file data_4.tsv (TSV, C-alpha atoms)
chain	number	residue	atom	x	y	z
A	1	MET	CA	32.08	0.35	16.14
A	2	LYS	CA	33.46	-2.37	13.88
A	3	LEU	CA	31.47	-4.98	15.76
A	4	PHE	CA	28.40	-2.81	15.43
A	5	CYS	CA	28.90	-2.48	11.67
A	6	LYS	CA	29.30	-6.24	11.37
A	7	GLY	CA	26.08	-6.77	13.32
A	8	LEU	CA	24.30	-4.35	11.05
A	9	LEU	CA	25.62	-6.14	7.97
A	10	ILE	CA	24.42	-9.48	9.29
A	11	ALA	CA	21.00	-8.01	10.06
A	12	ALA	CA	20.77	-6.52	6.57
A	13	LEU	CA	21.82	-9.78	4.91
A	14	SER	CA	19.33	-11.81	6.92
A	15	SER	CA	16.50	-9.48	5.97
A	16	LEU	CA	17.61	-9.73	2.34
A	17	SER	CA	17.40	-13.50	2.51
A	18	VAL	CA	13.88	-13.15	3.95
A	19	ALA	CA	12.95	-11.05	0.93
A	20	ALA	CA	14.58	-13.58	-1.42
A	21	ARG	CA	12.69	-16.42	0.19
A	22	ALA	CA	9.47	-14.42	-0.09
A	23	GLN	CA	10.09	-14.01	-3.79
A	24	SER	CA	10.75	-17.68	-4.51
A	25	ALA	CA	7.69	-18.70	-2.50
A	26	MET	CA	5.65	-16.10	-4.30
A	27	ASP	CA	6.39	-17.73	-7.64
A	28	GLU	CA	5.44	-21.18	-6.35
A	29	SER	CA	2.05	-20.37	-4.93
A	30	PHE	CA	1.02	-16.87	-5.55
A	31	HIS	CA	-1.41	-16.10	-2.76
A	32	ALA	CA	-0.20	-18.65	-0.23
A	33	ASN	CA	-0.40	-17.52	3.40
A	34	GLY	CA	-2.74	-14.75	2.34
A	35	ASN	CA	0.01	-12.56	0.82
A	36	ILE	CA	1.55	-11.97	4.26
A	37	ARG	CA	5.00	-12.27	2.66
A	38	SER	CA	4.46	-9.03	0.80
A	39	VAL	CA	3.96	-7.33	4.15
A	40	VAL	CA	7.27	-8.76	5.40
A	41	ALA	CA	8.99	-7.48	2.27
A	42	VAL	CA	7.42	-4.02	2.51
A	43	VAL	CA	8.17	-3.63	6.21
A	44	SER	CA	11.80	-4.64	5.73
A	45	ILE	CA	12.20	-2.22	2.81
A	46	VAL	CA	10.83	0.68	4.86
A	47	LEU	CA	12.98	-0.14	7.89
A	48	ILE	CA	16.14	-0.67	5.81
A	49	GLY	CA	15.48	2.58	3.95
A	50	ILE	CA	14.96	4.70	7.05
A	51	PHE	CA	17.87	3.16	8.93
A	52	THR	CA	20.18	3.60	5.96
A	53	TYR	CA	19.24	7.27	5.89
A	54	ILE	CA	19.88	7.64	9.62
A	55	PHE	CA	23.31	6.02	9.24
A	56	TYR	CA	24.07	8.29	6.30
A	57	LEU	CA	23.27	11.29	8.51
A	58	GLU	CA	25.40	9.85	11.28
A	59	ARG	CA	28.36	9.48	8.93
A	60	ARG	CA	28.12	13.11	7.87
A	61	LEU	CA	27.92	14.15	11.52
A	62	ARG	CA	31.03	12.15	12.32
A	63	LYS	CA	32.92	13.91	9.54
A	64	LEU	CA	31.93	17.26	11.03
A	65	GLU	CA	33.07	16.16	14.47
A	66	LYS	CA	36.44	15.16	13.08
A	67	LYS	CA	36.89	18.56	11.44
A	68	GLN	CA	36.23	20.39	14.66
B	1	MET	CA	-8.45	-10.96	9.46
B	2	ILE	CA	-12.19	-11.60	9.29
B	3	PRO	CA	-13.01	-14.95	7.58
B	4	GLY	CA	-13.60	-14.98	3.85
B	5	GLY	CA	-13.99	-17.23	0.83
B	6	PHE	CA	-10.67	-17.95	-0.83
B	7	GLY	CA	-11.49	-20.05	-3.87
B	8	VAL	CA	-13.57	-22.79	-5.44
B	9	GLN	CA	-12.46	-25.70	-7.59
B	10	THR	CA	-15.05	-27.19	-9.82
B	11	ASP	CA	-15.45	-29.00	-13.11
B	12	THR	CA	-17.83	-27.76	-15.78
B	13	LEU	CA	-21.18	-27.33	-14.06
B	14	LYS	CA	-23.98	-29.42	-15.57
B	15	PRO	CA	-27.60	-30.14	-14.60
B	16	GLY	CA	-27.62	-32.82	-11.92
B	17	LYS	CA	-25.00	-33.53	-9.29
B	18	ASN	CA	-21.84	-31.38	-9.30
B	19	GLU	CA	-18.94	-31.73	-6.90
B	20	PHE	CA	-16.73	-28.87	-5.85
B	21	THR	CA	-14.02	-27.97	-3.34
B	22	PHE	CA	-14.51	-24.80	-1.34
B	23	THR	CA	-11.52	-23.10	0.28
B	24	GLY	CA	-12.04	-20.51	2.98
B	25	TYR	CA	-9.63	-18.22	4.75
B	26	ASN	CA	-9.55	-18.08	8.58
B	27	THR	CA	-12.75	-20.12	8.61
B	28	HIS	CA	-13.81	-22.85	11.06
B	29	PHE	CA	-15.37	-25.55	8.89
B	30	LEU	CA	-14.06	-28.44	10.99
B	31	SER	CA	-14.80	-27.09	14.45
B	32	GLU	CA	-18.18	-25.71	13.39
B	33	LYS	CA	-19.21	-28.74	11.36
B	34	ALA	CA	-22.61	-28.90	13.08
B	35	SER	CA	-23.74	-25.48	11.86
B	36	LEU	CA	-22.04	-25.68	8.45
B	37	GLN	CA	-24.25	-24.95	5.45
B	38	VAL	CA	-22.98	-24.68	1.87
B	39	LEU	CA	-24.97	-23.00	-0.88
B	40	VAL	CA	-24.58	-22.27	-4.55
B	41	ASN	CA	-26.09	-19.09	-5.91
B	42	ALA	CA	-27.06	-18.57	-9.53
B	43	GLY	CA	-27.96	-14.89	-9.76
B	44	SER	CA	-31.10	-13.09	-8.54
B	45	LYS	CA	-31.17	-14.45	-4.98
B	46	VAL	CA	-31.85	-18.06	-5.86
B	47	TYR	CA	-29.78	-20.47	-3.77
B	48	TYR	CA	-29.22	-24.20	-4.14
B	49	CYS	CA	-28.29	-26.15	-1.03
B	50	ALA	CA	-25.18	-28.24	-1.35
B	51	GLU	CA	-24.45	-31.35	0.64
B	52	VAL	CA	-21.13	-31.34	2.45
B	53	THR	CA	-19.38	-34.57	1.51
B	54	ALA	CA	-16.10	-34.06	3.36
B	55	VAL	CA	-14.55	-31.45	5.60
B	56	LEU	CA	-10.81	-31.74	5.02
B	57	SER	CA	-9.70	-28.98	7.38
B	58	ASP	CA	-10.96	-25.78	8.94
B	59	ASN	CA	-10.44	-24.07	5.59
B	60	VAL	CA	-11.18	-26.76	3.01
B	61	LEU	CA	-14.37	-28.69	2.38
B	62	LYS	CA	-15.80	-30.80	-0.40
B	63	ALA	CA	-19.46	-30.52	-1.27
B	64	ALA	CA	-21.92	-31.67	-3.91
B	65	VAL	CA	-24.83	-29.70	-5.27
B	66	VAL	CA	-27.77	-30.91	-7.35
B	67	LEU	CA	-28.64	-28.25	-9.91
B	68	PRO	CA	-31.90	-28.25	-11.89
B	69	ASP	CA	-31.85	-27.91	-15.67
B	70	THR	CA	-33.44	-24.46	-15.54
B	71	LEU	CA	-31.49	-21.67	-13.82
B	72	PRO	CA	-32.07	-17.91	-13.47
B	73	SER	CA	-28.47	-17.17	-14.45
B	74	ASN	CA	-25.26	-19.01	-15.25
B	75	GLU	CA	-23.11	-16.73	-13.08
B	76	PHE	CA	-22.39	-18.79	-10.01
B	77	SER	CA	-21.17	-17.85	-6.58
B	78	PHE	CA	-20.47	-20.21	-3.71
B	79	TYR	CA	-21.43	-19.63	-0.07
B	80	ALA	CA	-20.49	-21.27	3.20
B	81	ASN	CA	-22.25	-20.55	6.50
B	82	THR	CA	-21.10	-21.34	10.01
B	83	ASP	CA	-22.15	-19.91	13.35
B	84	ILE	CA	-18.68	-18.53	14.07
B	85	ASP	CA	-17.62	-17.25	10.66
B	86	GLY	CA	-20.98	-16.02	9.42
B	87	THR	CA	-21.38	-16.17	5.67
B	88	VAL	CA	-18.29	-16.35	3.48
B	89	PHE	CA	-18.53	-16.49	-0.29
B	90	VAL	CA	-16.55	-16.84	-3.48
B	91	GLU	CA	-17.60	-15.35	-6.79
B	92	ALA	CA	-15.82	-17.82	-9.01
B	93	PRO	CA	-15.77	-17.68	-12.78
B	94	THR	CA	-17.09	-21.12	-13.67
B	95	ILE	CA	-17.84	-22.87	-16.92
B	96	SER	CA	-21.28	-24.33	-17.24
B	97	GLU	CA	-23.18	-26.10	-20.00
B	98	GLY	CA	-26.57	-27.65	-20.59
B	99	PHE	CA	-28.63	-25.15	-18.58
B	100	VAL	CA	-31.80	-23.45	-19.79
B	101	LEU	CA	-31.83	-19.85	-18.59
B	102	ASP	CA	-35.08	-18.47	-17.21
B	103	LYS	CA	-34.89	-15.41	-14.94
B	104	ALA	CA	-38.05	-16.17	-13.00
B	105	THR	CA	-37.37	-19.79	-12.13
B	106	THR	CA	-37.02	-20.93	-8.53
B	107	LYS	CA	-37.03	-24.63	-9.30
B	108	GLY	CA	-34.98	-26.69	-6.87
B	109	ALA	CA	-34.05	-23.69	-4.74
B	110	CYS	CA	-33.72	-23.84	-0.96
B	111	ASP	CA	-33.95	-21.43	1.95
B	112	TYR	CA	-30.96	-19.28	2.64
B	113	ARG	CA	-30.16	-18.12	6.13
B	114	VAL	CA	-27.96	-15.06	6.44
B	115	LYS	CA	-25.44	-15.10	9.22
B	116	THR	CA	-23.30	-12.35	10.53
B	117	ASN	CA	-20.06	-13.19	12.26
B	118	GLU	CA	-20.67	-11.96	15.77
B	119	HIS	CA	-17.53	-13.52	17.18
B	120	ALA	CA	-15.09	-11.89	14.80
B	121	GLY	CA	-14.11	-9.07	17.19
B	122	PHE	CA	-11.51	-6.63	15.91
B	123	GLY	CA	-10.40	-7.64	12.45
B	124	PHE	CA	-9.96	-6.47	8.92
B	125	PRO	CA	-12.57	-7.41	6.34
B	126	PHE	CA	-11.56	-10.06	3.85
B	127	GLN	CA	-10.77	-8.89	0.33
B	128	PRO	CA	-9.92	-11.44	-2.34
B	129	ILE	CA	-6.33	-11.23	-3.69
B	130	ILE	CA	-5.35	-8.46	-1.24
B	131	ILE	CA	-6.05	-10.62	1.84
B	132	GLU	CA	-3.37	-10.03	4.51
B	133	SER	CA	-1.37	-7.66	2.33
B	134	ILE	CA	-3.86	-4.95	3.34
B	135	ARG	CA	-1.39	-4.44	6.21
B	136	ASN	CA	0.88	-2.80	3.66
B	137	LEU	CA	-1.57	0.07	3.77
B	138	MET	CA	-0.04	1.08	7.11
B	139	TRP	CA	3.44	1.28	5.56
B	140	HIS	CA	3.12	2.18	1.91
B	141	VAL	CA	0.49	4.95	2.10
B	142	PRO	CA	2.05	6.89	5.04
B	143	MET	CA	5.25	7.09	2.94
B	144	TRP	CA	3.38	9.23	0.42
B	145	PHE	CA	1.61	11.26	3.09
B	146	THR	CA	4.96	12.00	4.74
B	147	MET	CA	6.48	12.90	1.38
B	148	PHE	CA	3.58	15.26	0.76
B	149	VAL	CA	3.98	17.01	4.11
B	150	LEU	CA	7.74	17.39	3.59
B	151	MET	CA	7.26	18.71	0.07
B	152	ILE	CA	4.66	21.22	1.32
B	153	MET	CA	7.23	22.37	3.88
B	154	SER	CA	9.85	22.60	1.17
B	155	PHE	CA	7.45	24.61	-1.00
B	156	ILE	CA	6.75	27.07	1.83
B	157	PHE	CA	10.46	27.50	2.60
B	158	SER	CA	11.12	28.13	-1.08
B	159	ILE	CA	8.51	30.89	-1.14
B	160	MET	CA	10.04	32.33	2.03
B	161	ALA	CA	13.47	32.21	0.43
B	162	LEU	CA	12.21	34.20	-2.55
B	163	GLY	CA	10.20	36.55	-0.35
B	164	SER	CA	13.01	37.37	2.03
B	165	THR	CA	14.42	40.06	-0.32
B	166	LYS	CA	11.88	42.69	0.56
B	167	LYS	CA	11.79	42.26	4.30
B	168	HIS	CA	15.39	42.97	5.16
B	169	GLU	CA	17.24	46.08	4.24
B	170	THR	CA	20.81	45.27	5.02
B	171	LEU	CA	22.42	42.85	2.67
B	172	ASP	CA	23.94	40.63	5.36
B	173	VAL	CA	20.65	39.81	7.07
B	174	HIS	CA	18.98	39.23	3.72
B	175	PHE	CA	21.70	36.87	2.59
B	176	ASP	CA	21.59	35.01	5.87
B	177	ASN	CA	17.83	34.59	5.56
B	178	ILE	CA	17.68	33.44	1.96
B	179	TRP	CA	20.50	31.00	2.68
B	180	LYS	CA	18.74	29.55	5.70
B	181	HIS	CA	15.37	29.20	3.97
B	182	ASP	CA	17.00	27.66	0.93
B	183	LEU	CA	18.80	25.18	3.15
B	184	ARG	CA	15.54	24.33	4.92
B	185	ALA	CA	13.78	23.83	1.59
B	186	SER	CA	16.49	21.55	0.21
B	187	SER	CA	16.71	19.55	3.47
B	188	SER	CA	13.01	18.84	3.58
B	189	ALA	CA	12.93	18.04	-0.15
B	190	ALA	CA	15.79	15.57	0.38
B	191	THR	CA	13.94	13.84	3.21
B	192	GLY	CA	10.76	13.89	1.14
B	193	LEU	CA	12.65	12.25	-1.71
B	194	LEU	CA	13.70	9.44	0.65
B	195	PHE	CA	10.04	8.77	1.44
B	196	CYS	CA	9.18	9.00	-2.26
B	197	ILE	CA	11.77	6.31	-3.06
B	198	LEU	CA	10.49	4.11	-0.22
B	199	GLY	CA	6.92	4.63	-1.42
B	200	LEU	CA	7.87	3.65	-4.96
B	201	ILE	CA	9.72	0.49	-3.90
B	202	THR	CA	7.11	-0.67	-1.40
B	203	GLY	CA	4.37	0.04	-3.92
B	204	SER	CA	6.23	-1.96	-6.51
B	205	VAL	CA	6.51	-4.96	-4.18
B	206	TRP	CA	2.85	-4.74	-3.24
B	207	ALA	CA	1.88	-4.47	-6.90
B	208	ARG	CA	3.87	-7.64	-7.69
B	209	PHE	CA	1.80	-9.57	-5.13
B	210	THR	CA	-1.64	-8.18	-5.88
B	211	TRP	CA	-1.60	-6.80	-9.42
B	212	GLY	CA	0.88	-9.34	-10.75
B	213	ALA	CA	3.65	-7.06	-12.03
B	214	TRP	CA	6.40	-4.91	-10.55
B	215	TRP	CA	5.20	-1.95	-12.54
B	216	VAL	CA	1.80	-1.37	-14.13
B	217	ASN	CA	0.60	1.46	-16.30
B	218	ASP	CA	-1.37	3.20	-13.59
B	219	PRO	CA	-1.66	7.03	-13.72
B	220	GLN	CA	-0.67	7.24	-10.05
B	221	LEU	CA	2.47	5.16	-10.57
B	222	ASN	CA	3.70	7.03	-13.60
B	223	GLY	CA	2.92	10.33	-11.90
B	224	ALA	CA	4.89	9.28	-8.84
B	225	LEU	CA	7.87	8.33	-11.00
B	226	VAL	CA	7.77	11.69	-12.77
B	227	VAL	CA	7.61	13.46	-9.39
B	228	PHE	CA	10.62	11.46	-8.25
B	229	MET	CA	12.59	12.48	-11.34
B	230	VAL	CA	11.56	16.13	-11.04
B	231	TYR	CA	12.80	16.29	-7.45
B	232	ALA	CA	15.96	14.43	-8.44
B	233	ALA	CA	16.47	17.15	-11.06
B	234	TYR	CA	16.04	19.73	-8.28
B	235	PHE	CA	19.14	18.39	-6.56
B	236	ILE	CA	21.09	18.19	-9.80
B	237	LEU	CA	20.19	21.84	-10.42
B	238	ARG	CA	21.43	22.76	-6.95
B	239	LYS	CA	24.73	20.98	-7.51
B	240	SER	CA	25.27	22.73	-10.84
B	241	VAL	CA	25.16	26.33	-9.52
B	242	THR	CA	28.10	27.48	-7.42
B	243	ASP	CA	27.04	31.01	-6.52
B	244	GLU	CA	25.03	30.65	-3.30
B	245	GLU	CA	22.47	33.38	-3.77
B	246	LYS	CA	21.83	32.49	-7.40
B	247	ARG	CA	21.50	28.83	-6.42
B	248	ALA	CA	19.00	29.70	-3.71
B	249	ARG	CA	16.81	31.67	-6.11
B	250	LEU	CA	16.95	29.17	-8.97
B	251	ALA	CA	16.28	26.23	-6.68
B	252	ALA	CA	13.37	28.02	-5.01
B	253	ILE	CA	11.71	28.78	-8.33
B	254	PHE	CA	12.26	25.22	-9.57
B	255	ASN	CA	10.89	23.85	-6.30
B	256	ILE	CA	7.69	25.89	-6.58
B	257	PHE	CA	7.10	24.50	-10.08
B	258	ALA	CA	7.97	20.99	-8.91
B	259	PHE	CA	5.44	21.20	-6.10
B	260	VAL	CA	2.66	22.35	-8.41
B	261	LEU	CA	3.55	19.55	-10.79
B	262	MET	CA	3.43	17.04	-7.93
B	263	VAL	CA	-0.06	18.18	-6.87
B	264	VAL	CA	-1.28	17.92	-10.45
B	265	LEU	CA	0.31	14.54	-11.11
B	266	LEU	CA	-0.56	12.84	-7.82
B	267	MET	CA	-3.82	14.49	-6.78
B	268	VAL	CA	-5.52	15.77	-9.91
B	269	MET	CA	-4.57	13.58	-12.87
B	270	PRO	CA	-5.53	10.18	-11.35
B	271	ARG	CA	-9.06	11.50	-10.80
B	272	PHE	CA	-9.61	11.91	-14.53
B	273	THR	CA	-8.66	8.41	-15.55
B	274	ASP	CA	-9.34	4.96	-14.22
B	275	GLY	CA	-6.44	3.48	-12.36
B	276	LEU	CA	-5.76	0.50	-10.17
B	277	HIS	CA	-5.39	2.50	-6.98
B	278	PRO	CA	-8.57	2.18	-4.93
B	279	GLY	CA	-10.47	5.38	-4.23
B	280	LYS	CA	-8.41	7.46	-6.62
B	281	SER	CA	-10.53	7.70	-9.72
B	282	GLY	CA	-13.84	9.53	-9.67
B	283	ASN	CA	-15.43	11.60	-6.96
B	284	PRO	CA	-13.52	11.85	-3.66
B	285	ALA	CA	-16.83	12.36	-1.80
B	286	PHE	CA	-17.39	8.61	-1.88
B	287	SER	CA	-13.97	7.79	-0.47
B	288	LYS	CA	-15.45	7.09	2.97
B	289	TYR	CA	-16.68	3.77	1.61
B	290	ASP	CA	-13.19	2.75	0.53
B	291	LEU	CA	-11.65	2.03	3.88
B	292	ASP	CA	-13.09	0.00	6.73
B	293	SER	CA	-13.16	1.77	10.09
B	294	SER	CA	-11.09	-1.01	11.68
B	295	LEU	CA	-8.32	-0.17	9.22
B	296	ARG	CA	-8.63	3.52	9.95
B	297	THR	CA	-7.93	2.98	13.65
B	298	VAL	CA	-4.45	1.76	12.70
B	299	PHE	CA	-3.94	3.78	9.54
B	300	TYR	CA	-4.31	7.28	11.01
B	301	PRO	CA	-1.86	6.78	13.91
B	302	ALA	CA	0.56	5.20	11.42
B	303	CYS	CA	0.33	8.28	9.20
B	304	ALA	CA	0.81	10.62	12.16
B	305	GLY	CA	3.81	8.58	13.31
B	306	PHE	CA	5.50	8.54	9.93
B	307	ILE	CA	4.89	12.26	9.42
B	308	LEU	CA	6.52	13.00	12.80
B	309	LEU	CA	9.40	10.67	11.93
B	310	GLY	CA	9.76	12.46	8.60
B	311	TYR	CA	9.85	15.84	10.33
B	312	TRP	CA	12.49	14.60	12.76
B	313	LEU	CA	14.64	13.26	9.93
B	314	TYR	CA	14.25	16.59	8.15
B	315	SER	CA	15.36	18.56	11.20
B	316	LEU	CA	18.41	16.31	11.63
B	317	ASN	CA	19.24	16.71	7.96
B	318	PHE	CA	18.83	20.48	8.14
B	319	ARG	CA	21.02	20.84	11.21
B	320	ILE	CA	23.77	18.77	9.66
B	321	ASN	CA	23.51	20.68	6.39
B	322	LYS	CA	23.72	23.95	8.28
B	323	LEU	CA	26.80	22.87	10.23
B	324	GLU	CA	28.43	21.66	7.03
B	325	SER	CA	27.93	24.90	5.14
B	326	GLU	CA	28.96	26.99	8.13
B	327	ASN	CA	32.13	24.94	8.33
B	328	GLU	CA	32.78	25.48	4.65
B	329	THR	CA	32.41	29.25	4.94
B	330	ILE	CA	34.76	29.36	7.95
B	331	LEU	CA	37.39	27.34	6.15
call {"tool": "encode", "arguments": {"input": "data_4.tsv", "output": "structure tokens"}}
result
Amino acid sequence: MKLFCKGLLIAALSSLSVAARAQSAMDESFHANGNIRSVVAVVSIVLIGIFTYIFYLERRLRKLEKKQ
Amino acid sequence: MIPGGFGVQTDTLKPGKNEFTFTGYNTHFLSEKASLQVLVNAGSKVYYCAEVTAVLSDNVLKAAVVLPDTLPSNEFSFYANTDIDGTVFVEAPTISEGFVLDKATTKGACDYRVKTNEHAGFGFPFQPIIIESIRNLMWHVPMWFTMFVLMIMSFIFSIMALGSTKKHETLDVHFDNIWKHDLRASSSAATGLLFCILGLITGSVWARFTWGAWWVNDPQLNGALVVFMVYAAYFILRKSVTDEEKRARLAAIFNIFAFVLMVVLLMVMPRFTDGLHPGKSGNPAFSKYDLDSSLRTVFYPACAGFILLGYWLYSLNFRINKLESENETIL
């Protein structure tokens, strides 16, 4: 589980750095690469959001399991 | 992405020879050099042939056009034709001086051949500024559709929670029912709120790229933020009441009002004012012209998928909520 959490953290950090890079590039040349960077940012936000929610549900489920 | 005109660089346009740089997107200027034709348009279907001086890459070319001193208009647009790409064009705001304007003149004009891009296959039409970010449509818009479906569910469960008083005579069954419906309503509202937050953030990112700011004063945006805060208040209200039956009733009534407010703010209000969201202001009967059919083939399955995902997340949330409150009552 710990290893899994670490992997998740690394994945999250790497996607954050993608978003950060997208932002710095966006300031340099605004419409370079046909705005495809905005799609990368949007997709990563949606995936991070939904996965965070799923993990939040999982954590609550684990608490219930421990109680029983 | 179907080819399109990206931009034009030019000095002040004057009568005589003018040089400019034309940038296309996904075009084939270099490989289709033989069929390349560049034109400058000055209003009312009068075209001036430009001579291609250099093709720098598939997307960039330099050309020179000789303009007469009399023009029908000083609003210029730039065209490039190739056999593969068809006609791509840029409507560039340019500065011009020294021209005499005469609407009827055709002096110095040349023939214009229209080309359609037959080889494009499946692709999205080119839109300036939006360009590839049109793909966000498949992520950002389904967020709101999913939120809407979940909030409709929440609204129905709230009505059921209020209505369950009359159906059941014994108090135990009634309490069980109102509790269950209330829990369903709050679970689906919570999941809907997740999609609302995602919709807000993704919309903000998209706006930064295409509209130039993280937040703009669009009726749709402000409405969405108000809806977010109203539903956040719904959960604060739930937390603040300890008595279960009272909480269920209060929350249900609040939720019904919140839903009506959401419909008004997101569906009705934007129609009365002009906003930046495409297809939102004015008559919805014309909305079929807003979205290309190639986009629809991806957009509708994406919406269906996200709505199903939203429903699944809701059912997980509800089941966990139910277990949690059952555990609390046992303990």
call {"tool": "closest_atom_pairs", "arguments": {"input": "data_4.tsv", "of": "chain B", "to": "chain A", "cutoff": "8 Å", "atoms": "only C-alpha atoms", "output": "CSV"}}
result
residue,atom,partner,partner_atom,distance
B:Ile129,CA,A:His31,CA,7.0
B:Ile130,CA,A:Asn35,CA,7.1
B:Ile131,CA,A:Gly34,CA,5.3
B:Glu132,CA,A:Gly34,CA,5.2
B:Ser133,CA,A:Asn35,CA,5.3
B:Arg135,CA,A:Val39,CA,6.4
B:Asn136,CA,A:Val39,CA,5.5
B:Trp139,CA,A:Val43,CA,6.8
B:His140,CA,A:Val42,CA,7.6
B:Leu194,CA,A:Gly49,CA,7.8
B:Leu198,CA,A:Val46,CA,6.1
B:Ile201,CA,A:Ile45,CA,7.6
B:Thr202,CA,A:Val42,CA,5.2
B:Val205,CA,A:Ser38,CA,6.8
B:Trp206,CA,A:Ser38,CA,6.1
B:Phe209,CA,A:Ser38,CA,6.5
B:Leu313,CA,A:Ile54,CA,7.7
B:Leu316,CA,A:Leu57,CA,7.7
B:Asn317,CA,A:Leu57,CA,6.8
B:Ile320,CA,A:Leu61,CA,6.5
B:Leu323,CA,A:Leu64,CA,7.6
B:Glu324,CA,A:Leu64,CA,6.9
call {"tool": "closest_residue", "arguments": {"input": "data_4.tsv", "among": "B:Leu265, B:Leu183, B:Ala207, B:Ala189", "to": "Arg247 in chain B", "atoms": "all atoms listed in the file"}}
result
B:Leu183
call {"tool": "atom_distance", "arguments": {"input": "data_4.tsv", "atom1": "CA of Ser187 in chain B", "atom2": "CA of Phe148 in chain B"}}
result
14.1 Å
call {"tool": "residues_around", "arguments": {"input": "data_4.tsv", "residues": "Asp182 in chain B", "least_positions_apart": "3", "cutoff": "7 Å", "atoms": "only C-alpha atoms", "output": "short mmCIF file (atom, residue, chain, number, x, y, z; two decimals) with C-alpha atoms, keeping the file's coordinate frame"}}
result
data_model
loop_
_atom_site.label_atom_id
_atom_site.label_comp_id
_atom_site.auth_asym_id
_atom_site.auth_seq_id
_atom_site.Cartn_x
_atom_site.Cartn_y
_atom_site.Cartn_z
CA PHE B 157 10.46 27.50 2.60
CA SER B 158 11.12 28.13 -1.08
CA ALA B 161 13.47 32.21 0.43
CA ILE B 178 17.68 33.44 1.96
CA TRP B 179 20.50 31.00 2.68
CA ALA B 185 13.78 23.83 1.59
CA SER B 186 16.49 21.55 0.21
CA ALA B 248 19.00 29.70 -3.71
CA ALA B 252 13.37 28.02 -5.01
#
call {"tool": "residues_around", "arguments": {"input": "data_4.tsv", "residues": "Asp11 in chain B", "least_positions_apart": "2", "cutoff": "10 Å", "atoms": "only C-alpha atoms", "output": "tab-separated table (two decimals) with C-alpha atoms, in the frame of the given file"}}
result
chain	number	residue	atom	x	y	z
B	9	GLN	CA	-12.46	-25.70	-7.59
B	13	LEU	CA	-21.18	-27.33	-14.06
B	14	LYS	CA	-23.98	-29.42	-15.57
B	18	ASN	CA	-21.84	-31.38	-9.30
B	19	GLU	CA	-18.94	-31.73	-6.90
B	20	PHE	CA	-16.73	-28.87	-5.85
B	21	THR	CA	-14.02	-27.97	-3.34
B	94	THR	CA	-17.09	-21.12	-13.67
B	95	ILE	CA	-17.84	-22.87	-16.92
B	96	SER	CA	-21.28	-24.33	-17.24
call {"tool": "atom_distance", "arguments": {"input": "data_4.tsv", "atom1": "CA of Ser57 in chain B", "atom2": "CA of His28 in chain B"}}
result
8.2 Å
call {"tool": "atom_distance", "arguments": {"input": "data_4.tsv", "atom1": "CA of Ala190 in chain B", "atom2": "CA of Ile159 in chain B"}}
result
17.0 Å
call {"tool": "closest_residue", "arguments": {"input": "data_4.tsv", "among": "B:Trp312, B:Glu245, B:Tyr234, B:Asn81", "to": "Asp176 in chain B", "atoms": "only C-alpha atoms"}}
result
B:Glu245
call {"tool": "closest_residue", "arguments": {"input": "data_4.tsv", "among": "B:Ser164, B:Ser35, B:Asn74, B:Gln127", "to": "Ile2 in chain B", "atoms": "all atoms listed in the file"}}
result
B:Gln127
call {"tool": "build_atoms", "arguments": {"input": "data_4.tsv", "residues": "range 48-58 of chain A", "atoms": "N, CA and C atoms", "output": "PDB file, in the frame of the given file"}}
result
ATOM      1  N   ILE A  48      14.794  -0.784   6.369  1.00  0.00           N
ATOM      2  CA  ILE A  48      16.140  -0.670   5.810  1.00  0.00           C
ATOM      3  C   ILE A  48      16.359   0.735   5.265  1.00  0.00           C
ATOM      4  N   GLY A  49      15.362   1.251   4.539  1.00  0.00           N
ATOM      5  CA  GLY A  49      15.480   2.580   3.950  1.00  0.00           C
ATOM      6  C   GLY A  49      15.707   3.650   4.996  1.00  0.00           C
ATOM      7  N   ILE A  50      14.862   3.645   6.039  1.00  0.00           N
ATOM      8  CA  ILE A  50      14.960   4.700   7.050  1.00  0.00           C
ATOM      9  C   ILE A  50      16.260   4.570   7.842  1.00  0.00           C
ATOM     10  N   PHE A  51      16.633   3.328   8.164  1.00  0.00           N
ATOM     11  CA  PHE A  51      17.870   3.160   8.930  1.00  0.00           C
ATOM     12  C   PHE A  51      19.098   3.519   8.099  1.00  0.00           C
ATOM     13  N   THR A  52      19.071   3.210   6.822  1.00  0.00           N
ATOM     14  CA  THR A  52      20.180   3.600   5.960  1.00  0.00           C
ATOM     15  C   THR A  52      20.336   5.118   5.960  1.00  0.00           C
ATOM     16  N   TYR A  53      19.203   5.803   5.896  1.00  0.00           N
ATOM     17  CA  TYR A  53      19.240   7.270   5.890  1.00  0.00           C
ATOM     18  C   TYR A  53      19.799   7.794   7.199  1.00  0.00           C
ATOM     19  N   ILE A  54      19.379   7.194   8.319  1.00  0.00           N
ATOM     20  CA  ILE A  54      19.880   7.640   9.620  1.00  0.00           C
ATOM     21  C   ILE A  54      21.391   7.422   9.709  1.00  0.00           C
ATOM     22  N   PHE A  55      21.869   6.280   9.175  1.00  0.00           N
ATOM     23  CA  PHE A  55      23.310   6.020   9.240  1.00  0.00           C
ATOM     24  C   PHE A  55      24.090   6.950   8.320  1.00  0.00           C
ATOM     25  N   TYR A  56      23.443   7.333   7.205  1.00  0.00           N
ATOM     26  CA  TYR A  56      24.070   8.290   6.300  1.00  0.00           C
ATOM     27  C   TYR A  56      24.224   9.643   6.998  1.00  0.00           C
ATOM     28  N   LEU A  57      23.194  10.045   7.742  1.00  0.00           N
ATOM     29  CA  LEU A  57      23.270  11.290   8.510  1.00  0.00           C
ATOM     30  C   LEU A  57      24.352  11.201   9.576  1.00  0.00           C
ATOM     31  N   GLU A  58      24.419  10.042  10.217  1.00  0.00           N
ATOM     32  CA  GLU A  58      25.400   9.850  11.280  1.00  0.00           C
ATOM     33  C   GLU A  58      26.822   9.970  10.734  1.00  0.00           C
TER      34      GLU A  58
END
